[in-house]
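**Student:** My file is target.cif. It has mmCIF, C-alpha atoms:
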data_model
#
loop_
_atom_site.group_PDB
_atom_site.id
_atom_site.type_symbol
_atom_site.label_atom_id
_atom_site.label_comp_id
_atom_site.auth_asym_id
_atom_site.auth_seq_id
_atom_site.Cartn_x
_atom_site.Cartn_y
_atom_site.Cartn_z
ATOM 1 C CA MET R 9 -1.867 -0.082 -45.549
ATOM 2 C CA PHE R 10 -4.637 2.182 -46.876
ATOM 3 C CA TYR R 11 -7.265 -0.560 -46.721
ATOM 4 C CA GLY R 12 -6.208 -1.742 -43.301
ATOM 5 C CA MET R 13 -6.222 1.674 -41.680
ATOM 6 C CA ASN R 14 -9.649 2.467 -43.071
ATOM 7 C CA ALA R 15 -10.928 -0.947 -41.937
ATOM 8 C CA TRP R 16 -9.572 -0.205 -38.466
ATOM 9 C CA PHE R 17 -11.198 3.243 -38.491
ATOM 10 C CA LEU R 18 -14.645 1.969 -39.527
ATOM 11 C CA ALA R 19 -14.455 -0.957 -37.118
ATOM 12 C CA THR R 20 -13.564 1.376 -34.264
ATOM 13 C CA LEU R 21 -16.490 3.673 -35.081
ATOM 14 C CA ALA R 22 -18.915 0.740 -35.171
ATOM 15 C CA THR R 23 -17.551 -0.827 -31.986
ATOM 16 C CA GLY R 24 -17.604 2.466 -30.132
ATOM 17 C CA ALA R 25 -21.252 2.943 -31.047
ATOM 18 C CA LEU R 26 -22.052 -0.605 -29.939
ATOM 19 C CA TRP R 27 -20.413 -0.075 -26.546
ATOM 20 C CA TRP R 28 -22.216 3.247 -26.151
ATOM 21 C CA VAL R 29 -25.519 1.434 -26.635
ATOM 22 C CA ALA R 30 -24.461 -1.271 -24.170
ATOM 23 C CA GLY R 31 -23.328 1.222 -21.550
ATOM 24 C CA ALA R 32 -25.759 4.105 -21.943
ATOM 25 C CA ALA R 33 -28.743 3.567 -24.227
ATOM 26 C CA HIS R 34 -29.828 0.081 -23.179
ATOM 27 C CA PRO R 35 -29.624 0.807 -19.420
ATOM 28 C CA ALA R 36 -31.682 3.960 -20.044
ATOM 29 C CA TRP R 37 -34.300 1.964 -21.950
ATOM 30 C CA MET R 38 -34.551 -0.468 -19.048
ATOM 31 C CA ARG R 39 -35.541 2.384 -16.709
ATOM 32 C CA LEU R 40 -38.529 3.332 -18.876
ATOM 33 C CA PRO R 41 -42.014 1.821 -18.688
ATOM 34 C CA PRO R 42 -42.111 -1.330 -20.848
ATOM 35 C CA ARG R 43 -43.902 0.046 -23.912
ATOM 36 C CA ALA R 44 -41.910 3.277 -23.844
ATOM 37 C CA ALA R 45 -38.715 1.196 -23.650
ATOM 38 C CA ALA R 46 -39.773 -0.802 -26.703
ATOM 39 C CA GLN R 47 -40.612 2.430 -28.533
ATOM 40 C CA ALA R 48 -37.235 3.936 -27.598
ATOM 41 C CA TYR R 49 -35.535 0.825 -28.975
ATOM 42 C CA VAL R 50 -37.476 1.071 -32.244
ATOM 43 C CA SER R 51 -36.726 4.774 -32.602
ATOM 44 C CA SER R 52 -33.034 4.296 -31.935
ATOM 45 C CA TRP R 53 -32.448 1.249 -34.087
ATOM 46 C CA SER R 54 -34.508 2.393 -37.030
ATOM 47 C CA ARG R 55 -31.958 5.175 -37.418
ATOM 48 C CA GLY R 56 -28.782 3.667 -35.967
ATOM 49 C CA GLY R 57 -29.053 0.076 -37.160
ATOM 50 C CA PRO R 58 -28.443 0.767 -40.856
ATOM 51 C CA ALA R 59 -25.498 3.014 -40.046
ATOM 52 C CA LEU R 60 -23.914 0.319 -37.878
ATOM 53 C CA ALA R 61 -24.465 -2.269 -40.580
ATOM 54 C CA VAL R 62 -22.689 -0.089 -43.156
ATOM 55 C CA LEU R 63 -19.780 0.525 -40.775
ATOM 56 C CA ALA R 64 -19.381 -3.156 -39.872
ATOM 57 C CA LEU R 65 -19.663 -4.411 -43.446
ATOM 58 C CA GLY R 66 -17.394 -1.627 -44.702
ATOM 59 C CA ALA R 67 -14.780 -2.565 -42.101
ATOM 60 C CA ALA R 68 -15.070 -6.238 -43.020
ATOM 61 C CA GLY R 69 -14.736 -5.491 -46.732
ATOM 62 C CA LEU R 70 -11.748 -3.220 -46.268
ATOM 63 C CA GLY R 71 -10.169 -5.804 -43.982
ATOM 64 C CA VAL R 72 -10.484 -8.415 -46.718
ATOM 65 C CA ALA R 73 -8.888 -5.974 -49.168
ATOM 66 C CA ALA R 74 -6.064 -5.379 -46.675
ATOM 67 C CA ALA R 75 -5.579 -9.142 -46.301
ATOM 68 C CA PHE R 76 -5.082 -9.388 -50.072
ATOM 69 C CA ALA R 77 -2.871 -6.289 -50.239
ATOM 70 C CA GLU R 78 -0.672 -7.354 -47.329
ATOM 71 C CA PRO R 79 -0.057 -11.038 -46.715
ATOM 72 C CA ASP R 80 -1.097 -10.839 -43.056
ATOM 73 C CA PRO R 81 -3.903 -13.162 -41.910
ATOM 74 C CA LYS R 82 -4.736 -10.879 -38.977
ATOM 75 C CA TRP R 83 -6.583 -8.561 -41.370
ATOM 76 C CA ALA R 84 -8.714 -11.519 -42.467
ATOM 77 C CA LEU R 85 -9.373 -12.497 -38.839
ATOM 78 C CA GLY R 86 -10.475 -8.962 -38.013
ATOM 79 C CA SER R 87 -12.746 -8.996 -41.049
ATOM 80 C CA ALA R 88 -14.208 -12.323 -40.016
ATOM 81 C CA PHE R 89 -15.093 -11.020 -36.567
ATOM 82 C CA MET R 90 -16.605 -7.825 -37.939
ATOM 83 C CA ALA R 91 -18.666 -9.832 -40.423
ATOM 84 C CA SER R 92 -19.652 -12.276 -37.673
ATOM 85 C CA ALA R 93 -20.988 -9.377 -35.606
ATOM 86 C CA PHE R 94 -23.199 -8.431 -38.563
ATOM 87 C CA VAL R 95 -24.338 -12.013 -39.154
ATOM 88 C CA PHE R 96 -24.997 -12.459 -35.431
ATOM 89 C CA THR R 97 -27.219 -9.382 -35.586
ATOM 90 C CA ILE R 98 -29.292 -10.878 -38.399
ATOM 91 C CA VAL R 99 -29.479 -14.445 -37.088
ATOM 92 C CA ALA R 100 -29.613 -14.135 -33.302
ATOM 93 C CA MET R 101 -30.956 -10.630 -32.749
ATOM 94 C CA GLY R 102 -33.524 -10.487 -35.533
ATOM 95 C CA ALA R 103 -36.328 -12.238 -33.662
ATOM 96 C CA PRO R 104 -36.022 -10.194 -30.435
ATOM 97 C CA GLY R 105 -35.784 -7.001 -32.489
ATOM 98 C CA HIS R 106 -38.954 -7.844 -34.413
ATOM 99 C CA LYS R 107 -40.692 -8.751 -31.163
ATOM 100 C CA LEU R 108 -39.759 -5.356 -29.679
ATOM 101 C CA ARG R 109 -41.098 -3.618 -32.783
ATOM 102 C CA ASP R 110 -44.361 -5.530 -32.424
ATOM 103 C CA LEU R 111 -44.608 -4.691 -28.712
ATOM 104 C CA ALA R 112 -43.933 -1.014 -29.428
ATOM 105 C CA LYS R 113 -46.885 -0.954 -31.841
ATOM 106 C CA ALA R 114 -49.187 -2.941 -29.533
ATOM 107 C CA PRO R 115 -52.077 -1.085 -27.947
ATOM 108 C CA ASP R 116 -51.477 0.303 -24.486
ATOM 109 C CA GLN R 117 -54.167 -1.849 -22.929
ATOM 110 C CA GLY R 118 -52.726 -4.190 -20.341
ATOM 111 C CA VAL R 119 -49.246 -2.740 -20.558
ATOM 112 C CA ARG R 120 -50.084 0.226 -18.347
ATOM 113 C CA GLU R 121 -51.886 -2.011 -15.855
ATOM 114 C CA ALA R 122 -48.948 -4.410 -15.657
ATOM 115 C CA ALA R 123 -46.512 -1.555 -15.145
ATOM 116 C CA GLN R 124 -48.666 0.060 -12.444
ATOM 117 C CA GLU R 125 -49.084 -3.169 -10.521
ATOM 118 C CA GLY R 126 -45.427 -4.036 -10.877
ATOM 119 C CA ALA R 127 -46.426 -7.313 -12.472
ATOM 120 C CA GLN R 128 -43.869 -9.041 -14.640
ATOM 121 C CA GLU R 129 -46.462 -10.714 -16.845
ATOM 122 C CA GLY R 130 -48.496 -9.567 -19.802
ATOM 123 C CA ALA R 131 -47.187 -7.316 -22.546
ATOM 124 C CA GLY R 132 -45.230 -5.137 -20.093
ATOM 125 C CA GLY R 133 -43.337 -8.050 -18.615
ATOM 126 C CA GLU R 134 -42.809 -9.508 -22.062
ATOM 127 C CA ALA R 135 -41.265 -6.267 -23.300
ATOM 128 C CA LEU R 136 -38.888 -6.192 -20.332
ATOM 129 C CA SER R 137 -37.842 -9.812 -20.785
ATOM 130 C CA VAL R 138 -37.257 -9.285 -24.515
ATOM 131 C CA LEU R 139 -35.228 -6.147 -23.748
ATOM 132 C CA ARG R 140 -33.120 -8.101 -21.256
ATOM 133 C CA LEU R 141 -32.500 -10.818 -23.852
ATOM 134 C CA TRP R 142 -31.674 -8.206 -26.474
ATOM 135 C CA GLY R 143 -29.198 -6.608 -24.048
ATOM 136 C CA ARG R 144 -27.380 -9.928 -23.518
ATOM 137 C CA LEU R 145 -27.262 -10.580 -27.253
ATOM 138 C CA HIS R 146 -26.051 -7.037 -27.874
ATOM 139 C CA LEU R 147 -23.201 -7.623 -25.433
ATOM 140 C CA ILE R 148 -22.115 -10.679 -27.451
ATOM 141 C CA ARG R 149 -22.260 -8.630 -30.651
ATOM 142 C CA SER R 150 -20.179 -5.870 -29.045
ATOM 143 C CA ILE R 151 -17.560 -8.407 -27.969
ATOM 144 C CA LEU R 152 -17.375 -9.893 -31.482
ATOM 145 C CA ALA R 153 -16.795 -6.433 -32.967
ATOM 146 C CA SER R 154 -14.204 -5.644 -30.272
ATOM 147 C CA ILE R 155 -12.273 -8.784 -31.159
ATOM 148 C CA GLY R 156 -12.327 -7.628 -34.782
ATOM 149 C CA VAL R 157 -10.884 -4.260 -33.751
ATOM 150 C CA PHE R 158 -8.214 -6.064 -31.706
ATOM 151 C CA PHE R 159 -7.084 -8.026 -34.781
ATOM 152 C CA PHE R 160 -7.051 -4.853 -36.899
ATOM 153 C CA ILE R 161 -4.897 -3.076 -34.314
ATOM 154 C CA TRP R 162 -2.597 -6.071 -34.099
ATOM 155 C CA ALA R 163 -2.275 -6.258 -37.872
ATOM 156 C CA ALA R 164 -1.531 -2.545 -38.147
ATOM 157 C CA HIS R 165 1.415 -2.735 -35.751
#
Would you mind writing the structure in this file as structure tokens?

**Tutor:**
Amino acid sequence: MFYGMNAWFLATLATGALWWVAGAAHPAWMRLPPRAAAQAYVSSWSRGGPALAVLALGAAGLGVAAAFAEPDPKWALGSAFMASAFVFTIVAMGAPGHKLRDLAKAPDQGVREAAQEGAQEGAGGEALSVLRLWGRLHLIRSILASIGVFFFIWAAH
């Protein structure tokens, strides 16, 4: 039960952080000017991303250990969903994340003009559309991790 409870704990920490980003950080980024929003994303995820990866992979690993220690496939299912959230981050969210990093480093020229005119084209509009896409992908990742937590809770009871 040691492995399972620690898997549940790490998964809950990771999932809670993901939902905080979905409910608080991302909506706040969307209220900023486009380049500032991209810079806020970069600042946040350069620090928080590695921590979330460690939590998700740690939960998945401990869930696998719990599945071997206790013959309950629900631990393995929880691990699979936690690992899938990590893989989804790499595969589906990598390109938008790199694009946001590039937009955050781009010169201000054109971005300020687009934001002032309210135009949804140019670098400013591109940053907003990439942030919207990232938000939708992040929601999917949060749901995957939540399903993993559900299986861990189910296995623990």

**Student:** Applying the PyMOL selection byres ((chain R and resi 158) around 10) to the file I just gave you, which residues come out? Please list them as number ranges by chain.

**Tutor:** R: 16, 19-20, 82, 85-86, 89, 152-157, 159-164

**Student:** From the set R:Thr23, R:Ala30, R:Leu18, R:Trp83, which residue has the shortest atom-to-atom contact distance to His165 (chain R), counting only C-alpha atoms?

**Tutor:**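 Nearest to His165 (chain R): R:Trp83.
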
**Student:** Neighbours of Phe96 (chain R) within 10 Å (all atoms listed in the file; same-chain residues fewer than 3 positions away dropped), as a list in words?

**Tutor:**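 The filter keeps Met90, Ala91, Ser92, Ala93, Val99, Ala100, Met101, Gly102, Leu145, His146, Ile148, Arg149 and Leu152 of chain R.
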
**Student:** When distances are computed from all atoms listed in the file, which of R:Gly132, R:Pro81, R:Gly105, R:Gly143 shows the smallest separation from Val29 (chain R)?

**Tutor:** R:Gly143

**Student:** Please report the interatomic distance between CA of Ala88 (chain R) and CA of Gly71 (chain R) in Å with one decimal.

**Tutor:**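 Value for the CA of Ala88 (chain R)-CA of Gly71 (chain R) distance: 8.6 Å.
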
**Student:** CA of Ala15 (chain R) and CA of Ala68 (chain R), how far apart in Å?

**Tutor:** 6.8 Å

**Student:** Would you work out the distance separating CA of Ala48 (chain R) from CA of Val62 (chain R), expressed in Å to one decimal?

**Tutor:**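 Distance reported for this atom pair: 21.7 Å.
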
**Student:** Of the residues R:Leu111, R:Val72, R:Leu60, R:Ala103, which is the one nearest to Trp27 (chain R), using all atoms listed in the file?

**Tutor:** R:Leu60

**Student:** Can you work out which one of R:Leu108, R:Gly56, R:Phe17, R:Leu65 has the shortest atom-to-atom distance to Gly133 (chain R), counting all atoms listed in the file?

**Tutor:**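 Closest residue, counting all atoms listed in the file: R:Leu108.
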
**Student:** Rank nothing, just name the residue among R:Tyr11, R:Leu139, R:Leu40, R:Pro35 nearest to Gly69 (chain R), using all atoms listed in the file.

**Tutor:**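 Answer, going by the shortest atom-to-atom distance: R:Tyr11.
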
**Student:** Could you put an axis-aligned box around every listed atom of region 157-160 of chain R, padded by 6 Å on each side, and send me its centre and edge lengths in Å to one decimal, as AutoDock Vina command-line options?

**Tutor:**
--center_x -9.0 --center_y -6.1 --center_z -34.3 --size_x 15.8 --size_y 15.8 --size_z 17.2
